[in-house]
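Structure, as structure tokens:
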Amino acid sequence: MRMNFQYIGKSFERTDGYAKVTGAAQYVADLKLPRMLHAQILRPEFAHARIQSVDTSEAERSEGVVKVVTGKDCPIYFSAAGFYDQRPLAVDKVRHGGEPVAAVVADTLDHARKAVPKIKVAYDPLPVVLDPVEAARNKAVLIHERLGEYRHLGHYFPEPGTNIFHHYRLRKGDIGAGFKEAEVSVEGEFEFSLSAHSAMEPHGAICRWEGKDRVEIWASTQAPFAVQQTVAEMFELPHAHVRVHVLYLGGGFGGKSDVTIEPMVACVARAVPGYAVRYICSRKEVMTSTVLGRGMKARARLGARKDGIFTAFQAELYFSDGAYGDAATNIVTVAGHNCVGPYAIEHCHVDSYGVYTNTPPVGAYRGYGHPEGCFISERLVDMMARRLRLSPLELRRKNFLCEGRRNSLGETIRDHNGDLFRCLQNVEKEFFSRPKPEEDERYLYGRGVASMMKSPKGAPNASSCCQIKFCSDGSVHVNLGGIEMGQGAQQAMRQIAAEALRIPLDRVSVYREVDTQHSPWEWQTVASMFTYRGGNAILKTAEEAIRVLKENAATVLGVVAGGLEYDGESVFLKTDPDRKVAVKDLARGYMYGNGLTVGEVAEATAGDRLPGYVEPDPKFGMGTAGGTWTFGCQGCELRVDKKTGEVIIDQFISSFDVGRVISPQMIRGQIVGGVVMGVGQTLKEKIEFSEQGKMTNATWVRYKMPRIHDIPKKQMIILAETPEQRGPFGARCVAEHPMVAVAPTIVNALYDATGHDFFRLPVLAEDILEVLK
Amino acid sequence: MSEWITLTVNGARRTVPYVAKKSLLDILREALDLTGAKEGCGYGACGSCTVVVNGEAVKACTLRGKEKLNGIEVLTIEGLADPEGSLHPIQEAFLRAGAVQCGFCTPGFIMRLYALFKNKPGATEEEIKVALSENLCRCTGYEAIWEAALLAQKLMKGRPFPERGS
């Protein structure tokens with residue numbers, strides 16, 4: 001593997017930096033189109049009710065109103081993940097308080113807003129179910145009576161006649177034998193509240209139909225090609241006739257990877273062809289009417305021998321996935337096979353249930369089921385260490401996944417998958433080599449550690465594709481479909497391309513916008529996969545583009561291409577470097593003095609996907625479904641204020657095996673930001689509902705996110721770099737990962753400080769005060 | 001009959017129709033096409049719409065009413081680089097410190113710091129922190145923004161504050 005990198009492993013100014021610090025960067029809400037109309041949405045008064053009638057006549061007469069659209073106008077089921085249980089607007093029933101019931105289209109936003117309350121809807125309220133365990137058992141109140149009729153992919157397992165829309169089973173080994181072998185066991189009941197991604201940019205979409213056959217959408221999405229496919233399927237259009245544009249995205253965190261408002265906006269705009277219909281969610285609507293994250297109740301038990309070897313793991317997970325299941329199905333699966341933690345455990349038995357509740361649907365949220373699972377495994381491991389009187393670090397080391405050991409899916413881990421021991425050692429050296437501060441008058445002190453793993457979950461054919469084209473001055477366009485949402489996708493691609501093509505960074509122009517018409521296919525920008533997959537796509541494409549340049553040069557120089565070398569500026573003879581042709585003269589074929597042109601245009605395209613990646617086996621839930629992993633460990637040192645219950649994190653350390661650092665600045669951005677998001681999730685953030693299912697804190701005043709005063713006093717990052725066998729330059733995925741183990745790290749430290757085991761997130765100051773009493 | 005109000009925006013006098021209940025943010029974004037200030041929440045919780053009004057940082061989504069809007073002097077993120085496009089030291093510091101990720105909160109943070117440092121070039125760390133606590137960021141975890149603020153202060157130390165908008 002090459003070691004002398006010019007652009008890899010260094011930080012450069014972001015490609016999008018100048019535009020973003022000057023206010024020039026354009027997001028969907030900044031876009032104005034000719035003949036633009038504005039949509040506003042009516043939301044229901046009830047979280048669960050039959051719709052008896054909708055009267056739009058008064059709204060239609062309201063000033064400036066062009067059209068009022070209801071669910072009856074587009075009673076189509078749509079899906080992005082393969083579970084067709086959702087319609088763009090409610091038709092006969094509302095299932096959560098944020099659901100769209102009707103849409104007003106007007107000439108101005110104000111006119112649209114004024115007309116919404118004029119729509120009259122008669123509801124027949126139904127009982128509301130909010131708790132996933134209760135909903136799973138309640139056969140009297142069914143949120144989807146026709147669950148058994150919904151079309152779905154073969155690896156989802158709904159249980160018709162119940163509220164369970166997906167049941168993932170993991171059956172590895174013989175759980176009875178595993179617990180028989182165990183000499184000790186620990187167990188717990190866990191709760192992970194629903195939370196809001198809260199990307200700073202609200203969701204928005206602008207949609208314009210050309211007649212009924214072609215449609216163009218500008219959307220705040222991490223998944224333009226998924227929007228394209230979903231909308232095309234809805235209206236039975238050739239997919240190619242749906243064009244989706246993505247400008248800059250103001251944060252995603254998974255909340256913009258699921259198809260949410262776009263089908264509705266497409267339905268609404270279809271009623272006024274030729275006009276662009278703009279709909280931007282209010283902050284409240286982002287919280288009530290797109291997707292939420294997490295929302296789990298679980299019971300789990302870990303068994304071990306006295307020497308500390310884990311023998312059995314059993315868990316039952318219930319996810320309050322809201323009114324629709326499409327966006328949550330895979331999270332249920334992933335949480336199921338990852339909640340065992342990064343350990344080799346012979347006997348695993350997990351039931352993970354996706355349950356309908358009368359709350360907004362749950363979708364991808366940074367970590368995708370892993371933070372939920374990691375909370376379970378890492379708390380149990382800490383409890384087990386106490387039971388066995390072993391150091392929690394030692395206990396982890398005894399059971400870590402490593403070369404030759406098999407994970408819960410039955411996959412064998414290899415050295416190149418990463419080094420958990422190294423990550424833990426980094427945390428240990430920094431933290432546990434000095435004594436913890438003694439309790440004083442005001443504070444209790446605690447330290448905790450947790451380990452994590454994350455694998456991607458996506459369509460098995462998920463790919464990233466790349467297109468490279470040389471300009472006639474030898475500079476180069478590099479085009480991919482990965483969405484820049486803050487993570488630095490464009491800059492990572494630029495550095496990888498510069499390295500692969502050996503062209504200076506300032507002569508590499510990477511794409512800014514993504515557009516399904518012009519961008520190469522990208523499944524979705526999710527699962528932390530883009531640097532890995534997109535990077536590989538660049539390497540393959542660069543190789544192909546260089547091949548064309550060499551073929552062209554071979555013709556000109558009268559030699560075979562195999563004897564030629566390329567250095568970014570020219571193609572030359574290996575044996576006689578003075579015999580060369582400049583790349584700029586080869587870019588569009590080679591033109592002789594008289595205009596005669598030979599050779600091919602130096603444009604190339606290629607893609608990359610994880611090889612051999614499959615859905616879990618239906619019977620055992622096992623198989624090559626992990627694809628690739630990133631392992632890591634985190635630790636923290638905190639103080640608890642005995643008077644207020646407030647938690648102050650003095651130090652937080654993260655160590656991930658990232659394979660190869662592409663940009664130190666961007667990795668740091670992902671880790672520091674992910675940890676703070678995790679701190680919010682652990683100590684502050686919780687979506688709340690009234691008994692009637694009304695969200696009671698759907699504002700950023702009541703929903704508390706970390707501000708600058710809430711962050712750890714100090715964050716440390718120590719990375720391991722065990723090259724990944726097929727990652728670009730050895731790089732591995734790292735983006736969601738920093739958030740995965742934050743909750744158990746902090747909660748384990750809270751035990752150390754208070755002597756109390758917390759099982760419910762978030763842990764609020766009042767919860768801590770309660771146990772200190 | 002529409003009413004009109006006049007504002008000075010980034011050094012230029014602008015007259016726009018006054019519409020009741022429209023905020024300064026609406027006027028900037030809709031009437032003046034200055035979309036650098038962003039709406040993250042619409043009620044002053046996130047600070048993405050922060051601009052400088054009469055020398056002070058203001059959340060533009062909360063400023064409404066004819067009397068409050070007429071005659072004010074506004075500086076937005078679009079007015080911060082010099083006319084040739086060279087960045088203000090605060091903008092420069094954000095790039096160097098890696099304080100920009102999705103960019104949606106960035107203009108608000110930069111304008112918040114502009115007002116702070118213009119009025120108090122030697123602001124203490126606690127004063128900087130208090131100022132920054134008005135704004136939300138969901139990407140960076142604030143550390144790099146904090147470093148950018150300190151770096152900006154350092155870059156401007158010992159020379160006149162680069163004032164804009166006049």
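FYI, nothing fancy with the structure tokens labels: chains A, B, ... in order, residues from 1 per chain, ligands from 1 as they appear.
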
For Arg14 of chain B, work out the shell of residues within 12 Å, counting only C-alpha atoms and skipping chain neighbours fewer than 4 positions away, then give it as an MDAnalysis selection string. chainID B and resid 4:10 18 27:28 31:33 69:74

Same residues, C-alpha atoms, output as a PDB file, in the first residue's frame:
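This is the output file result-v6.pdb:
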```
ATOM      1  CA  TRP B   4     -43.106  51.502   2.916  1.00  0.00           C
ATOM      2  CA  ILE B   5     -40.137  51.336   5.201  1.00  0.00           C
ATOM      3  CA  THR B   6     -36.553  52.282   4.573  1.00  0.00           C
ATOM      4  CA  LEU B   7     -33.579  50.392   5.918  1.00  0.00           C
ATOM      5  CA  THR B   8     -29.866  50.611   5.340  1.00  0.00           C
ATOM      6  CA  VAL B   9     -28.681  47.136   4.457  1.00  0.00           C
ATOM      7  CA  ASN B  10     -24.995  46.396   4.000  1.00  0.00           C
ATOM      8  CA  TYR B  18     -44.093  47.030   4.898  1.00  0.00           C
ATOM      9  CA  ILE B  27     -37.741  41.207   4.566  1.00  0.00           C
ATOM     10  CA  LEU B  28     -34.110  40.236   4.063  1.00  0.00           C
ATOM     11  CA  ALA B  31     -37.876  41.324  -0.431  1.00  0.00           C
ATOM     12  CA  LEU B  32     -34.121  41.808  -0.654  1.00  0.00           C
ATOM     13  CA  ASP B  33     -32.980  38.330  -1.774  1.00  0.00           C
ATOM     14  CA  LEU B  69     -37.798  48.198  11.371  1.00  0.00           C
ATOM     15  CA  ASN B  70     -37.974  51.620   9.796  1.00  0.00           C
ATOM     16  CA  GLY B  71     -34.646  53.428   9.659  1.00  0.00           C
ATOM     17  CA  ILE B  72     -32.489  50.630  11.055  1.00  0.00           C
ATOM     18  CA  GLU B  73     -29.019  49.860   9.838  1.00  0.00           C
ATOM     19  CA  VAL B  74     -28.486  46.197   9.082  1.00  0.00           C
TER      20      VAL B  74
END
```

Produce a table with one row for each residue of chain A that has an atom at most 6 Å from any atom of chain B, each row naming the nearest atom pair and its distance in Å at one decimal; use only C-alpha atoms; arrange rows by chain and rising residue number; format as a tab-separated table.
```
residue	atom	partner	partner_atom	distance
A:Lys20	CA	B:Gly103	CA	5.3
A:Val21	CA	B:Gln91	CA	5.7
A:Thr22	CA	B:Glu78	CA	5.8
A:Gly23	CA	B:Gly36	CA	4.0
A:Asp30	CA	B:Thr35	CA	5.8
A:Met200	CA	B:Gly40	CA	5.5
A:Glu201	CA	B:Gly40	CA	5.7
A:Gly250	CA	B:Cys102	CA	4.9
A:Gly251	CA	B:Cys102	CA	5.3
A:Arg283	CA	B:Cys41	CA	5.1
A:Met485	CA	B:Cys102	CA	5.2
A:Gly486	CA	B:Cys102	CA	3.4
A:Gly669	CA	B:Thr140	CA	5.7
A:Val672	CA	B:Gly141	CA	5.5
A:Gly673	CA	B:Gly141	CA	3.9
A:Val676	CA	B:Gly141	CA	5.1
A:Arg707	CA	B:Ser133	CA	5.8
A:Ile708	CA	B:Ser133	CA	5.4
```

Between atom CA of Pro738 of chain A and atom CA of Gly678 of chain A, distance in Å (one decimal):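 Value for the atom CA of Pro738 of chain A-atom CA of Gly678 of chain A distance: 7.9 Å.
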
If we count only C-alpha atoms, what is near segment 757-771 of chain A at a cut-off of 7 Å, once residues fewer than 2 positions away on the same chain are taken out, given as a list in words? Glu189, Phe190, Glu191, Phe192, Ser193, Thr644, Gly645, Glu646, Gln681, Thr682, Leu683, Lys684, Glu685, Lys686, Val747, Tyr751, Gly755 and Lys773 of chain A

Those same residues - C-alpha atoms - I'd like them written as a PDB file, in the first residue's frame.
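Output (result-v3.pdb):
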```
ATOM      1  CA  GLU A 189     -34.735  -3.340  31.384  1.00  0.00           C
ATOM      2  CA  PHE A 190     -33.762  -0.497  29.121  1.00  0.00           C
ATOM      3  CA  GLU A 191     -35.463   2.514  27.714  1.00  0.00           C
ATOM      4  CA  PHE A 192     -34.254   4.877  25.019  1.00  0.00           C
ATOM      5  CA  SER A 193     -36.605   7.787  24.488  1.00  0.00           C
ATOM      6  CA  THR A 644     -28.462  20.048  41.598  1.00  0.00           C
ATOM      7  CA  GLY A 645     -27.900  16.654  40.008  1.00  0.00           C
ATOM      8  CA  GLU A 646     -26.202  18.417  37.136  1.00  0.00           C
ATOM      9  CA  GLN A 681     -29.265  12.313  23.818  1.00  0.00           C
ATOM     10  CA  THR A 682     -27.963  10.965  27.118  1.00  0.00           C
ATOM     11  CA  LEU A 683     -28.609  13.880  29.441  1.00  0.00           C
ATOM     12  CA  LYS A 684     -31.222  16.135  27.855  1.00  0.00           C
ATOM     13  CA  GLU A 685     -33.206  15.217  24.796  1.00  0.00           C
ATOM     14  CA  LYS A 686     -36.570  13.525  24.934  1.00  0.00           C
ATOM     15  CA  VAL A 747     -24.189   6.167  32.207  1.00  0.00           C
ATOM     16  CA  TYR A 751     -22.752   4.454  38.179  1.00  0.00           C
ATOM     17  CA  GLY A 755     -23.466   3.832  42.753  1.00  0.00           C
ATOM     18  CA  LYS A 773     -31.579  11.394  48.214  1.00  0.00           C
TER      19      LYS A 773
END
```

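Candidate residues A:Pro263, A:Gly154, A:Gly730, A:Gly211 were compared for distance to Gln228 of chain A, and the nearest is A:Pro263, using only C-alpha atoms.
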
As a list in words, please: every residue in chain B that a backbone DSSP assignment puts in strand (DSSP E or B).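 After running DSSP on the backbone, chain B has strand (DSSP E or B) at Glu3, Trp4, Ile5, Thr6, Leu7, Thr8, Val9, Ala12, Arg13, Arg14, Thr15, Val16, Pro17, Tyr18, Ser23, Thr50, Val51, Val52, Val53, Glu56, Ala57, Val58, Lys59, Arg64, Glu73, Val74 and Leu75 of chain B.
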
At a cut-off of 7 Å, using only C-alpha atoms, what residues contact Glu736 of chain A? Leave out same-chain residues fewer than 5 positions from it and give the result as JSON, numbers by chain. {"A": [366, 367, 528, 674]}

Go ahead and dump the residues you just picked, C-alpha atoms, as an mmCIF file, in the first residue's frame.
```
data_model
loop_
_atom_site.group_PDB
_atom_site.id
_atom_site.type_symbol
_atom_site.label_atom_id
_atom_site.label_comp_id
_atom_site.auth_asym_id
_atom_site.auth_seq_id
_atom_site.Cartn_x
_atom_site.Cartn_y
_atom_site.Cartn_z
ATOM 1 C CA ARG A 366 -27.170 8.817 13.375
ATOM 2 C CA GLY A 367 -26.158 5.324 14.451
ATOM 3 C CA SER A 528 -21.318 6.489 6.968
ATOM 4 C CA GLY A 674 -21.090 13.212 17.321
#
```

Point-to-point distance from atom CA of Met384 of chain A to atom CA of Ala450 of chain A, Å rounded to tenths: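 It comes out at 13.2 Å.
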
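One finds atom CA of Glu3 of chain B at 23.9 Å from atom CA of Val58 of chain B.
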
Per-residue DSSP, segment 55-205 of chain A, filtered to helix (DSSP H, G or I), as a PyMOL selection string: chain A and resi 57-61+71-73+109-118+132-137+147-149+175-181

Excluding same-chain residues fewer than 2 positions from Val548 of chain A, what lies within 9 Å of it counting only C-alpha atoms, as an NGL selection string? :A and (543-546 or 550-553 or 586-587 or 589 or 599-604)

Could you take the residues named above and write them with C-alpha atoms, as a PDB file, in the first residue's frame?
```
ATOM      1  CA  GLU A 543      -7.746   4.052 -13.207  1.00  0.00           C
ATOM      2  CA  GLU A 544     -10.065   3.877 -16.181  1.00  0.00           C
ATOM      3  CA  ALA A 545      -9.538   7.541 -17.140  1.00  0.00           C
ATOM      4  CA  ILE A 546      -5.775   7.096 -16.930  1.00  0.00           C
ATOM      5  CA  LYS A 550      -2.397   6.025 -21.926  1.00  0.00           C
ATOM      6  CA  GLU A 551      -4.125   4.426 -24.909  1.00  0.00           C
ATOM      7  CA  ASN A 552      -4.260   7.821 -26.599  1.00  0.00           C
ATOM      8  CA  ALA A 553      -0.598   8.443 -25.869  1.00  0.00           C
ATOM      9  CA  LEU A 586      -4.675  13.764 -24.645  1.00  0.00           C
ATOM     10  CA  ALA A 587      -7.846  14.760 -22.830  1.00  0.00           C
ATOM     11  CA  GLY A 589      -8.244  12.495 -28.011  1.00  0.00           C
ATOM     12  CA  GLY A 599      -7.993   8.281 -29.635  1.00  0.00           C
ATOM     13  CA  GLU A 600     -10.882   8.577 -27.215  1.00  0.00           C
ATOM     14  CA  VAL A 601     -12.250  11.298 -24.957  1.00  0.00           C
ATOM     15  CA  ALA A 602     -10.816  10.916 -21.451  1.00  0.00           C
ATOM     16  CA  GLU A 603     -14.058  10.476 -19.574  1.00  0.00           C
ATOM     17  CA  ALA A 604     -14.723   7.508 -17.386  1.00  0.00           C
TER      18      ALA A 604
END
```

Minimum-distance residue to Asp473 of chain A, chosen among A:Pro34, A:Gly446, A:Gly568, A:Gly659 (using only C-alpha atoms): A:Gly568
